[in-house]
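Content type compact mmCIF, C-alpha atoms, from the file upload.txt:
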```txt
# COMPACT_ATOMS: atom_id res chain seq x y z
CA ARG A 1 10.82 -44.82 -23.63
CA ARG A 2 9.09 -41.89 -21.95
CA MET A 3 10.52 -40.28 -18.87
CA SER A 4 8.62 -38.26 -16.30
CA LEU A 5 9.85 -34.77 -15.47
CA LEU A 6 10.19 -35.90 -11.88
CA GLN A 7 12.80 -38.44 -12.98
CA LEU A 8 15.09 -35.74 -14.34
CA SER A 9 18.19 -34.82 -12.39
CA ASN A 10 18.47 -31.40 -10.81
CA GLU A 11 21.07 -30.45 -13.43
CA ILE A 12 18.61 -31.13 -16.29
CA VAL A 13 15.85 -29.27 -14.42
CA PHE A 14 18.13 -26.24 -14.17
CA ILE A 15 18.87 -26.41 -17.91
CA ILE A 16 15.13 -26.41 -18.65
CA TRP A 17 14.66 -23.51 -16.20
CA GLU A 18 17.41 -21.46 -17.85
CA SER A 19 15.91 -22.06 -21.30
CA LEU A 20 12.65 -20.35 -20.32
CA ASP A 21 12.72 -16.71 -21.37
CA SER A 22 9.93 -15.07 -19.36
CA VAL A 23 9.23 -14.66 -15.66
CA GLN A 24 5.72 -16.03 -16.28
CA ASP A 25 7.05 -19.22 -17.88
CA ARG A 26 9.55 -19.79 -15.12
CA ASN A 27 6.89 -19.21 -12.49
CA SER A 28 4.55 -21.68 -14.22
CA PHE A 29 7.30 -24.30 -14.40
CA LEU A 30 8.17 -24.18 -10.72
CA GLN A 31 4.47 -24.52 -9.84
CA THR A 32 4.08 -27.83 -11.71
CA HIS A 33 5.39 -29.79 -8.72
CA ARG A 34 6.50 -29.18 -5.15
CA ARG A 35 9.98 -30.51 -5.96
CA PHE A 36 10.51 -27.85 -8.62
CA TYR A 37 9.08 -25.16 -6.37
CA ASN A 38 11.44 -26.05 -3.52
CA LEU A 39 14.36 -26.21 -5.93
CA LEU A 40 13.73 -23.08 -8.00
CA ASP A 41 11.66 -20.62 -5.98
CA GLN A 42 14.78 -18.99 -4.51
CA PHE A 43 15.91 -18.07 -8.04
CA LEU A 44 12.61 -16.63 -9.30
CA TYR A 45 12.71 -13.35 -7.37
CA PRO A 46 16.27 -12.36 -8.39
CA TYR A 47 15.36 -13.18 -11.99
CA ALA A 48 12.20 -11.09 -11.80
CA LEU A 49 14.19 -8.15 -10.44
CA LYS A 50 16.72 -8.55 -13.23
CA VAL A 51 14.05 -8.58 -15.94
CA TRP A 52 11.49 -6.15 -14.55
CA GLY A 53 13.54 -3.96 -12.26
CA ASP A 54 11.62 -3.20 -9.08
CA SER A 55 8.10 -3.52 -10.50
CA PRO A 56 7.50 -6.97 -8.91
CA LEU A 57 7.62 -5.26 -5.51
CA LEU A 58 4.76 -2.96 -6.49
CA SER A 59 2.80 -5.89 -7.89
CA ALA A 60 3.27 -7.94 -4.72
CA ALA A 61 2.31 -5.00 -2.48
CA ARG A 62 -0.74 -4.23 -4.63
CA ARG A 63 -1.95 -7.81 -4.18
CA GLY A 64 -1.16 -8.08 -0.48
CA HIS A 65 1.55 -10.76 -0.74
CA ALA A 66 3.68 -10.04 2.32
CA ALA A 67 6.00 -13.04 1.85
CA ALA A 68 6.79 -12.01 -1.73
CA VAL A 69 7.39 -8.41 -0.62
CA GLN A 70 9.84 -9.63 2.02
CA LYS A 71 11.69 -11.84 -0.46
CA LEU A 72 12.01 -9.03 -2.98
CA LEU A 73 13.31 -6.64 -0.33
CA ASN A 74 15.80 -9.27 0.77
CA GLU A 75 16.99 -9.48 -2.84
CA GLY A 76 17.62 -5.74 -2.91
CA ALA A 77 14.41 -4.26 -4.29
CA ASP A 78 14.07 -0.50 -3.79
CA VAL A 79 11.47 -0.08 -1.03
CA ASN A 80 10.58 3.40 -2.33
CA ILE A 81 10.16 2.52 -6.01
CA SER A 82 6.98 3.99 -7.48
CA GLY A 83 4.67 3.35 -10.40
CA PRO A 84 1.16 4.04 -11.72
CA GLN A 85 -1.94 3.23 -9.70
CA PHE A 86 -3.11 0.80 -12.38
CA ASN A 87 -1.23 -1.11 -15.06
CA THR A 88 -3.32 0.45 -17.80
CA GLY A 89 -5.83 3.21 -18.23
CA ALA A 90 -5.58 6.93 -18.81
CA GLY A 91 -6.18 9.33 -15.99
CA CYS A 92 -4.90 7.16 -13.14
CA SER A 93 -2.63 8.77 -10.59
CA THR A 94 1.05 7.90 -10.65
CA HIS A 95 4.07 7.63 -8.35
CA TRP A 96 2.45 5.04 -6.07
CA SER A 97 4.97 3.37 -3.77
CA ALA A 98 4.62 -0.15 -2.39
CA LEU A 99 3.66 1.36 0.97
CA ALA A 100 1.01 3.50 -0.72
CA PHE A 101 -0.58 0.43 -2.32
CA ALA A 102 -0.50 -1.58 0.91
CA ALA A 103 -1.81 1.26 3.08
CA SER A 104 -4.64 2.18 0.71
CA ARG A 105 -5.83 -1.43 0.56
CA GLY A 106 -5.44 -2.15 4.25
CA TYR A 107 -2.83 -4.92 3.96
CA GLU A 108 -1.52 -4.94 7.53
CA SER A 109 1.17 -7.60 7.07
CA VAL A 110 2.57 -5.90 3.97
CA VAL A 111 2.62 -2.51 5.72
CA GLN A 112 4.49 -4.07 8.65
CA VAL A 113 7.10 -5.59 6.33
CA LEU A 114 7.62 -2.32 4.47
CA LEU A 115 7.80 -0.18 7.62
CA ALA A 116 10.48 -2.50 8.99
CA SER A 117 12.62 -2.00 5.89
CA ASP A 118 15.62 0.33 6.17
CA GLY A 119 15.19 3.55 4.27
CA VAL A 120 11.43 3.37 3.78
CA ASP A 121 9.90 6.79 3.15
CA THR A 122 6.66 6.89 5.14
CA ASN A 123 5.77 10.31 3.76
CA ILE A 124 6.34 9.62 0.06
CA LYS A 125 3.68 11.29 -2.08
CA ASN A 126 1.95 10.17 -5.27
CA SER A 127 0.98 12.49 -8.12
CA GLU A 128 -1.97 13.78 -6.07
CA GLU A 129 0.45 14.51 -3.22
CA ARG A 130 -1.20 11.84 -1.09
CA THR A 131 0.99 10.09 1.48
CA PRO A 132 0.42 6.46 2.56
CA LEU A 133 -1.31 7.78 5.71
CA ASP A 134 -3.58 9.96 3.59
CA LEU A 135 -4.45 7.01 1.35
CA ALA A 136 -5.21 4.83 4.36
CA ALA A 137 -7.42 7.58 5.80
CA ILE A 138 -9.48 8.14 2.65
CA ASN A 139 -10.16 4.41 2.48
CA GLY A 140 -11.01 3.97 6.16
CA ARG A 141 -8.19 1.50 6.88
CA ASP A 142 -8.35 1.56 10.66
CA LYS A 143 -6.06 -1.48 11.00
CA VAL A 144 -3.25 0.26 9.15
CA ILE A 145 -3.50 3.78 10.60
CA PRO A 146 -1.93 2.84 14.00
CA LEU A 147 0.98 1.10 12.26
CA LEU A 148 1.78 4.22 10.24
CA LEU A 149 1.34 6.60 13.18
CA ALA A 150 3.74 4.52 15.27
CA HIS A 151 6.57 5.01 12.79
CA GLY A 152 9.06 7.55 14.06
CA LYS A 153 9.33 9.53 10.81
CA ILE A 154 5.63 9.86 9.98
CA GLU A 155 4.39 13.40 9.34
CA PRO A 156 0.59 13.17 9.69
CA ASN A 157 -0.20 16.85 9.09
CA MET A 158 0.99 16.98 5.49
CA LYS A 159 -1.58 18.21 2.96
CA ASN A 160 -2.46 16.62 -0.36
CA MET A 161 -2.96 18.61 -3.56
CA TYR A 162 -6.53 19.36 -2.47
CA GLY A 163 -5.30 21.10 0.66
CA ARG A 164 -6.47 18.41 3.08
CA THR A 165 -4.74 16.39 5.79
CA ALA A 166 -5.41 12.76 6.63
CA LEU A 167 -7.64 13.89 9.52
CA MET A 168 -9.69 16.09 7.22
CA GLU A 169 -10.08 13.26 4.70
CA ALA A 170 -11.16 10.70 7.29
CA SER A 171 -13.69 13.01 8.92
CA PHE A 172 -14.96 14.26 5.55
CA ARG A 173 -15.77 10.68 4.55
CA GLY A 174 -17.34 9.73 7.86
CA TYR A 175 -14.71 7.22 9.02
CA THR A 176 -15.26 7.56 12.75
CA ALA A 177 -12.73 4.92 13.85
CA VAL A 178 -9.95 6.41 11.74
CA THR A 179 -10.80 9.95 12.88
CA LYS A 180 -10.55 8.87 16.53
CA GLN A 181 -7.23 7.13 15.90
CA LEU A 182 -5.78 10.25 14.33
CA LEU A 183 -7.07 12.49 17.11
CA ALA A 184 -5.55 10.17 19.70
CA SER A 185 -2.08 10.73 18.25
CA GLU A 186 -0.04 13.58 19.72
CA LYS A 187 1.52 13.99 16.28
CA VAL A 188 -1.77 15.08 14.71
CA ASN A 189 -2.73 18.75 14.81
CA PRO A 190 -6.53 19.20 14.52
CA ASN A 191 -6.14 22.94 13.95
CA VAL A 192 -4.48 22.68 10.54
CA MET A 193 -6.58 24.64 8.06
CA GLY A 194 -7.18 23.47 4.51
CA GLY A 195 -9.63 22.76 1.74
CA LEU A 196 -12.84 20.88 2.47
CA THR A 197 -14.24 20.57 -1.04
CA PRO A 198 -14.27 17.25 -2.91
CA PRO A 199 -11.41 16.80 -5.41
CA LEU A 200 -13.92 16.53 -8.25
CA PRO A 201 -17.54 17.66 -8.59
CA PRO A 202 -19.51 14.72 -7.12
CA PRO A 203 -22.40 13.00 -8.92
CA VAL A 204 -25.77 14.59 -8.17
CA GLU A 205 -27.09 11.38 -6.64
CA LEU A 206 -24.43 11.47 -3.92
CA GLN A 207 -25.80 14.76 -2.61
CA TYR A 208 -22.65 15.92 -0.88
CA ASP A 209 -23.19 18.48 1.84
CA TYR A 210 -20.95 19.50 4.68
CA ASP A 211 -23.48 18.65 7.40
CA ARG A 212 -23.13 14.98 6.44
CA HIS A 213 -19.65 14.71 4.97
CA GLY A 214 -17.67 17.30 6.91
CA PHE A 215 -16.76 17.33 10.58
CA GLY A 216 -20.48 17.71 11.28
CA LEU A 217 -21.00 14.05 10.38
CA LEU A 218 -18.97 13.04 13.41
CA LEU A 219 -19.89 15.70 15.94
CA ASN A 220 -22.17 13.44 17.97
CA GLU A 221 -19.34 10.98 18.55
CA VAL A 222 -16.09 12.91 18.54
CA GLU A 223 -16.96 16.60 19.00
CA TYR A 224 -15.70 16.58 22.56
CA GLU A 225 -12.47 14.85 21.57
CA ILE A 226 -11.85 17.32 18.76
CA SER A 227 -12.52 20.39 20.85
CA LEU A 228 -10.50 19.10 23.81
CA LYS A 229 -7.46 18.34 21.69
CA ALA A 230 -7.79 21.58 19.73
CA ARG A 231 -7.83 23.62 22.91
CA SER A 232 -4.81 21.85 24.32
CA LYS A 233 -2.87 22.45 21.10
CA MET A 234 -3.73 26.14 21.12
CA MET A 235 -2.57 26.47 24.74
CA GLU A 236 0.87 24.99 24.02
```

Serialized structure, structure tokens:
Amino acid sequence: RRMSLLQLSNEIVFIIWESLDSVQDRNSFLQTHRRFYNLLDQFLYPYALKVWGDSPLLSAARRGHAAAVQKLLNEGADVNISGPQFNTGAGCSTHWSALAFAASRGYESVVQVLLASDGVDTNIKNSEERTPLDLAAINGRDKVIPLLLAHGKIEPNMKNMYGRTALMEASFRGYTAVTKQLLASEKVNPNVMGGLTPPLPPPVELQYDYDRHGFGLLLNEVEYEISLKARSKMME
């Protein structure tokens, strides 16, 4: 006589669960039916942390899964754990934190969860010395920038390995909204000097020039704001 999985007692379900060796297999099993999910989901995250260390936190942040990030933090995941930008591939930058992934991709809910976590390092740098704020700026994430700037320990004037601040990066790439957000913060110093060259020689077809990609790109819209704030900083 055949018996459906749903007819099994919880004790037998747990025995089956414990016999599965990989996180992927256990995850697949609990997704076969809502009953199994409700019964076993609370055990998946601790198991993943046990098997993989803190890497599930980076994976969840990279994919924008705020609920998973919160669960992993609740289970004791290190909020400042770091890893490579991509799972495979030579030449990718390393030391990306969960906050770096979330900020660079504009995942507001994930950024909020991470910023609310005790001990989070808002100024943690990757191998290119880019902070989460810098990564948000170079990707034009205007929904995330205010969240980062509001954090008490943020240091927005830090330079990356190319000698540029978040403000320089945003203005260089023509992100007007982000540039205005940074200028509006009293924490941001527009007079910081640094490099304005691209990190790598750009393709010929992009035709980089500083009239279009430097501060000149934004002068029509934010020149007054820049000059006004710069003057006030110099008078302090």

For the atom pair CA of Glu128 (chain A) and CA of Leu72 (chain A), what is the interatomic distance in Å to one decimal place?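 Taking CA of Glu128 (chain A) and CA of Leu72 (chain A), their separation equals 26.9 Å.
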
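Each of A:Gln70, A:Asn139, A:Ser9, A:Ser22 was checked against Leu115 (chain A) using all atoms listed in the file; the smallest atom-to-atom distance is that of A:Gln70.
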
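CA of Gln42 (chain A) sits 24.4 Å away from CA of Ser97 (chain A).
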
Enumerate, in order of chain and increasing residue number, the residues of region 22-134 of chain A with an atom no farther than 9 Å from region 145-157 of chain A, each with its shortest atom pair and distance in Å to one decimal, counting all atoms listed in the file, as JSON lines.
```
{"residue": "A:Ala103", "atom": "CA", "partner": "A:Ile145", "partner_atom": "CA", "distance": 8.1}
{"residue": "A:Gly106", "atom": "CA", "partner": "A:Ile145", "partner_atom": "CA", "distance": 8.9}
{"residue": "A:Glu108", "atom": "CA", "partner": "A:Leu147", "partner_atom": "CA", "distance": 8.1}
{"residue": "A:Val111", "atom": "CA", "partner": "A:Leu147", "partner_atom": "CA", "distance": 7.6}
{"residue": "A:Gln112", "atom": "CA", "partner": "A:Leu147", "partner_atom": "CA", "distance": 7.2}
{"residue": "A:Leu115", "atom": "CA", "partner": "A:His151", "partner_atom": "CA", "distance": 7.4}
{"residue": "A:Asp121", "atom": "CA", "partner": "A:Lys153", "partner_atom": "CA", "distance": 8.2}
{"residue": "A:Thr122", "atom": "CA", "partner": "A:Ile154", "partner_atom": "CA", "distance": 5.8}
{"residue": "A:Asn123", "atom": "CA", "partner": "A:Ile154", "partner_atom": "CA", "distance": 6.2}
{"residue": "A:Thr131", "atom": "CA", "partner": "A:Pro156", "partner_atom": "CA", "distance": 8.8}
{"residue": "A:Pro132", "atom": "CA", "partner": "A:Leu148", "partner_atom": "CA", "distance": 8.1}
{"residue": "A:Leu133", "atom": "CA", "partner": "A:Leu148", "partner_atom": "CA", "distance": 6.5}
{"residue": "A:Asp134", "atom": "CA", "partner": "A:Pro156", "partner_atom": "CA", "distance": 8.1}
```

Give me, please, the distance in Å between CA of Ile138 (chain A) and CA of Ala116 (chain A), quoted to one decimal.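 One can read the CA of Ile138 (chain A) to CA of Ala116 (chain A) distance as 23.5 Å.
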
Top pick for closest residue to Gly119 (chain A), considering A:Asn27, A:Asn38, A:Ser59, A:Asn80 and counting only C-alpha atoms: A:Asn80

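The nearest approach to Gly64 (chain A) among the residues A:Lys159, A:Arg35, A:Arg105, A:Lys180, with all atoms listed in the file taken into account, belongs to A:Arg105.
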